[in-house]
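> I have a structure here, written as structure tokens, and I will follow up with some questions on it.
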Amino acid sequence: MVILGENSVNPKFAWTLPIHFLLCYNFHMNIQELYRPEDLSRLTRKRNIWRAALLLLTALALGICVLLCTRVNTRNAASLERIVIGISILSGWVLITLRYELLVLSRREAEHAAHMLAGPREKRSGLLSLSPDSVRIPGSIRVRRLILQEDGQARRLSVNVSKLSQLGELPRTVTVYTVHDYVVALEEESPC
Amino acid sequence: MLKRTLSRFHVYILWALASVFIWSFVFTRITDAPPEKKLSLYISAPSVQDTELAARLEGDDLPLGIRMVKVHPFSYAMFDSSDLLSADLFLVPASEAEGYQDSFAPLPPRFTPDLTLENGAQGILVYDAQTHQGLWDALIVYQAPGAQEENCYLFFGAESLHAGKLDTAAIWLAQRFLEGSQ
């Protein structure tokens, strides 16, 4: 015996369930996820590669300085000291720049992605449009501001600039998933 | 990127200062040695090419236990510094010899003195003011232009660690200096 609840399916149409499931399944597959776990592992791998490269460069610069130190004698001491100090300063500046521009930013990108994947999602629908504002969070990712017109109210959202192209043509009416007002996924409005 | 780079300007400046400080310290350590392992010659002259002179005096055959020869102008240290007081050799003009005589010693027997001070310290003539001839005068300017001409003498340091019976490295250095090289 089948007990029919308010939202239960009439047994008469039970045979349509697989089709209905497929339709809905297809609908869920249309959700455009901006952050995926594999992206996070890719970012982590990229960060580790940069870290190894920087360590290698540091070791190389230090190795050159130490090698020059072993070549010091009374006659060349002053000139070698100037050369070693020069190498140290220049390589340090290059490494500081690379560290900030590559390592720190890729780490922040990975942290941001992890945050987006783990955070509580909210679902909102409305007309999504781009705001002209584009800002870099100090020491972190660059974000683009978005405006979502939702029930006559404008809500300010953000999206990682590197994910902007995945949003498609804007403005348009969409359903977005957000984590702390960052767009993490979107789907087209659908009667399903 | 330029804006971000400029925002880290203080980091670049700090790194440059740290590099200068750290490597200067390292080079001071590796280009110096404790007094028992180095021979030092202090020269009171208007101009000295100290690095080149030290390198030439070192040659390829330093005495056993000696790692380096250091040549310093007098301006390198105040006269009361321990480094200066324990110097092995001094090269000073005649007019300054009396003032510093307590830091000088009698010559070892193998040398012939050209000057004897009141306290018995003895010096060897290395620059003759009458003939304007001096040892290593390509590297040492003995007389400033327009200054009064005077002889310069080489003295052994009274506190030298290398002028005893067991350690004769200071005598080796004095001989190397007196042999001259142009």
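Each chain in the structure tokens gets a letter, A, B and so on, in the order shown; residues start at 1 in every chain, and ligands are counted from 1 in the order they appear.
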Using only C-alpha atoms, what table do you get, as a tab-separated table, when you list each residue of chain B with an atom no more than 12 Å from chain A, its nearest pair of atoms, and their distance in Å rounded to one decimal, rows by chain then rising number?


```
residue	atom	partner	partner_atom	distance
B:Met1	CA	A:Glu101	CA	8.1
B:Leu2	CA	A:Thr97	CA	10.5
B:Lys3	CA	A:Pro138	CA	11.6
B:Arg4	CA	A:Glu101	CA	8.8
B:Thr5	CA	A:Thr97	CA	7.1
B:Leu6	CA	A:Thr97	CA	10.5
B:Ser7	CA	A:Pro138	CA	10.6
B:Arg8	CA	A:Thr97	CA	8.8
B:Phe9	CA	A:Trp93	CA	10.0
B:His10	CA	A:Trp93	CA	11.3
B:Val11	CA	A:Ile96	CA	8.2
B:Tyr12	CA	A:Trp93	CA	6.1
B:Ile13	CA	A:Trp93	CA	9.2
B:Leu14	CA	A:Ile89	CA	10.0
B:Trp15	CA	A:Ile89	CA	6.8
B:Ala16	CA	A:Ile89	CA	5.3
B:Leu17	CA	A:Ile89	CA	8.6
B:Ala18	CA	A:Ile89	CA	8.8
B:Ser19	CA	A:Ile89	CA	6.1
B:Val20	CA	A:Ile85	CA	5.9
B:Phe21	CA	A:Ile85	CA	9.1
B:Ile22	CA	A:Ile85	CA	8.9
B:Trp23	CA	A:Ile85	CA	6.3
B:Ser24	CA	A:Glu81	CA	7.2
B:Phe25	CA	A:Glu81	CA	10.2
B:Val26	CA	A:Cys69	CA	8.6
B:Phe27	CA	A:Glu81	CA	6.6
B:Thr28	CA	A:Glu81	CA	9.6
B:Arg29	CA	A:Cys69	CA	10.8
B:Ile30	CA	A:Cys69	CA	8.0
B:Thr31	CA	A:Ala77	CA	7.1
B:Asp32	CA	A:Thr74	CA	9.6
B:Ala33	CA	A:Thr74	CA	12.0
B:Gln49	CA	A:Arg75	CA	10.8
B:Asp50	CA	A:Arg75	CA	9.6
B:Thr51	CA	A:Arg75	CA	5.9
B:Glu52	CA	A:Arg75	CA	6.1
B:Leu53	CA	A:Arg75	CA	9.1
B:Ala54	CA	A:Thr74	CA	7.1
B:Ala55	CA	A:Thr74	CA	5.6
B:Arg56	CA	A:Arg75	CA	8.8
B:Leu57	CA	A:Thr74	CA	10.5
B:Glu58	CA	A:Thr74	CA	8.7
B:Gly59	CA	A:Thr74	CA	10.4
B:Asp60	CA	A:Asn73	CA	11.7
B:Arg67	CA	A:Thr74	CA	10.4
B:Met68	CA	A:Thr74	CA	7.7
B:Val69	CA	A:Thr74	CA	8.3
B:Lys70	CA	A:Thr74	CA	8.6
B:Val71	CA	A:Thr74	CA	10.3
```

> Could you save the residues just selected, with C-alpha atoms, as a PDB file, in the first residue's frame?


```
ATOM      1  CA  MET B   1      52.171  45.656  -9.952  1.00  0.00           C
ATOM      2  CA  LEU B   2      54.277  48.809  -9.740  1.00  0.00           C
ATOM      3  CA  LYS B   3      51.957  50.165  -7.074  1.00  0.00           C
ATOM      4  CA  ARG B   4      52.222  46.939  -5.064  1.00  0.00           C
ATOM      5  CA  THR B   5      55.995  46.960  -5.488  1.00  0.00           C
ATOM      6  CA  LEU B   6      56.188  50.538  -4.259  1.00  0.00           C
ATOM      7  CA  SER B   7      54.032  49.647  -1.277  1.00  0.00           C
ATOM      8  CA  ARG B   8      56.799  47.223  -0.246  1.00  0.00           C
ATOM      9  CA  PHE B   9      59.535  49.839  -0.638  1.00  0.00           C
ATOM     10  CA  HIS B  10      60.460  49.625   3.041  1.00  0.00           C
ATOM     11  CA  VAL B  11      61.004  45.866   2.717  1.00  0.00           C
ATOM     12  CA  TYR B  12      63.488  46.415  -0.126  1.00  0.00           C
ATOM     13  CA  ILE B  13      65.337  49.080   1.869  1.00  0.00           C
ATOM     14  CA  LEU B  14      65.459  46.865   4.957  1.00  0.00           C
ATOM     15  CA  TRP B  15      66.788  43.968   2.887  1.00  0.00           C
ATOM     16  CA  ALA B  16      69.519  46.157   1.373  1.00  0.00           C
ATOM     17  CA  LEU B  17      70.592  47.341   4.835  1.00  0.00           C
ATOM     18  CA  ALA B  18      70.525  43.799   6.199  1.00  0.00           C
ATOM     19  CA  SER B  19      72.622  42.557   3.263  1.00  0.00           C
ATOM     20  CA  VAL B  20      75.268  45.217   3.806  1.00  0.00           C
ATOM     21  CA  PHE B  21      75.355  44.550   7.539  1.00  0.00           C
ATOM     22  CA  ILE B  22      75.433  40.743   7.331  1.00  0.00           C
ATOM     23  CA  TRP B  23      77.981  40.419   4.504  1.00  0.00           C
ATOM     24  CA  SER B  24      80.225  43.129   5.958  1.00  0.00           C
ATOM     25  CA  PHE B  25      80.245  41.158   9.192  1.00  0.00           C
ATOM     26  CA  VAL B  26      80.986  37.911   7.330  1.00  0.00           C
ATOM     27  CA  PHE B  27      83.823  39.498   5.355  1.00  0.00           C
ATOM     28  CA  THR B  28      85.268  41.083   8.479  1.00  0.00           C
ATOM     29  CA  ARG B  29      85.336  37.615  10.023  1.00  0.00           C
ATOM     30  CA  ILE B  30      86.895  35.845   7.048  1.00  0.00           C
ATOM     31  CA  THR B  31      89.419  38.573   6.208  1.00  0.00           C
ATOM     32  CA  ASP B  32      90.692  38.941   9.735  1.00  0.00           C
ATOM     33  CA  ALA B  33      92.397  36.611  12.168  1.00  0.00           C
ATOM     34  CA  GLN B  49      97.888  51.197  -0.728  1.00  0.00           C
ATOM     35  CA  ASP B  50      97.393  48.884   2.206  1.00  0.00           C
ATOM     36  CA  THR B  51      95.691  45.987   0.421  1.00  0.00           C
ATOM     37  CA  GLU B  52      98.252  45.724  -2.362  1.00  0.00           C
ATOM     38  CA  LEU B  53     101.167  46.094   0.053  1.00  0.00           C
ATOM     39  CA  ALA B  54      99.751  43.390   2.332  1.00  0.00           C
ATOM     40  CA  ALA B  55      99.214  41.045  -0.616  1.00  0.00           C
ATOM     41  CA  ARG B  56     102.784  41.574  -1.844  1.00  0.00           C
ATOM     42  CA  LEU B  57     104.265  41.116   1.617  1.00  0.00           C
ATOM     43  CA  GLU B  58     102.297  37.909   2.064  1.00  0.00           C
ATOM     44  CA  GLY B  59     103.597  36.442  -1.173  1.00  0.00           C
ATOM     45  CA  ASP B  60     103.152  32.687  -1.256  1.00  0.00           C
ATOM     46  CA  ARG B  67      97.288  33.285   8.058  1.00  0.00           C
ATOM     47  CA  MET B  68      97.678  36.830   6.812  1.00  0.00           C
ATOM     48  CA  VAL B  69      99.523  40.129   6.810  1.00  0.00           C
ATOM     49  CA  LYS B  70      97.544  43.219   7.662  1.00  0.00           C
ATOM     50  CA  VAL B  71      98.713  46.684   6.708  1.00  0.00           C
TER      51      VAL B  71
END
```

> Near Leu135 (chain B), within 12 Å and counting only C-alpha atoms, which residues show up once chain neighbours fewer than 2 positions away are dropped, as a PyMOL selection string?

chain B and resi 53+91+124-128+132-133+137-142+151-154+174-182

> Identify, with DSSP run on backbone atoms, the residues in chain B assigned to strand (DSSP E or B), and express the list as an MDAnalysis selection string.

chainID B and resid 38:43 47:48 68:73 89:93 104:105 115:116 122:128 133:134 140:141 152:157

> Can you work out which one of A:Leu68, A:Asn160, A:Ser165, A:Leu186 has the shortest atom-to-atom distance to Met116 (chain A), counting only C-alpha atoms?

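Comparing A:Leu68, A:Asn160, A:Ser165, A:Leu186 against Met116 (chain A), the winner is A:Asn160.
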
> So what do you get for CA of Ala121 (chain B) versus CA of Tyr42 (chain B), distance-wise?

16.4 Å

> Between A:Val174, A:Arg155, A:Leu40, A:Leu167, single out the one closest to Ala118 (chain A), counting only C-alpha atoms.

A:Leu40

> Measure the distance from CA of Val104 (chain A) to CA of Tyr182 (chain A) in Å and round it to one decimal.

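If I compute the distance from CA of Val104 (chain A) to CA of Tyr182 (chain A), I get 20.8 Å.
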
> Would you pick out the contacts of Leu43 (chain A) at 8 Å or less, using only C-alpha atoms, so that residues sharing its chain but fewer than 2 positions from it are not included, and give the list as a PyMOL selection string?

chain A and resi 39-41+45-47+106-107+109-110

> Within 10 Å of Gln166 (chain A), counting only C-alpha atoms, which residues show up once you throw out same-chain ones fewer than 6 positions away? Write them as a count of residues only, please.

5

> How far is it from CA of Phe155 (chain B) to CA of Asp88 (chain B), in Å with one decimal?

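Computing it gives 8.5 Å between the two atoms.
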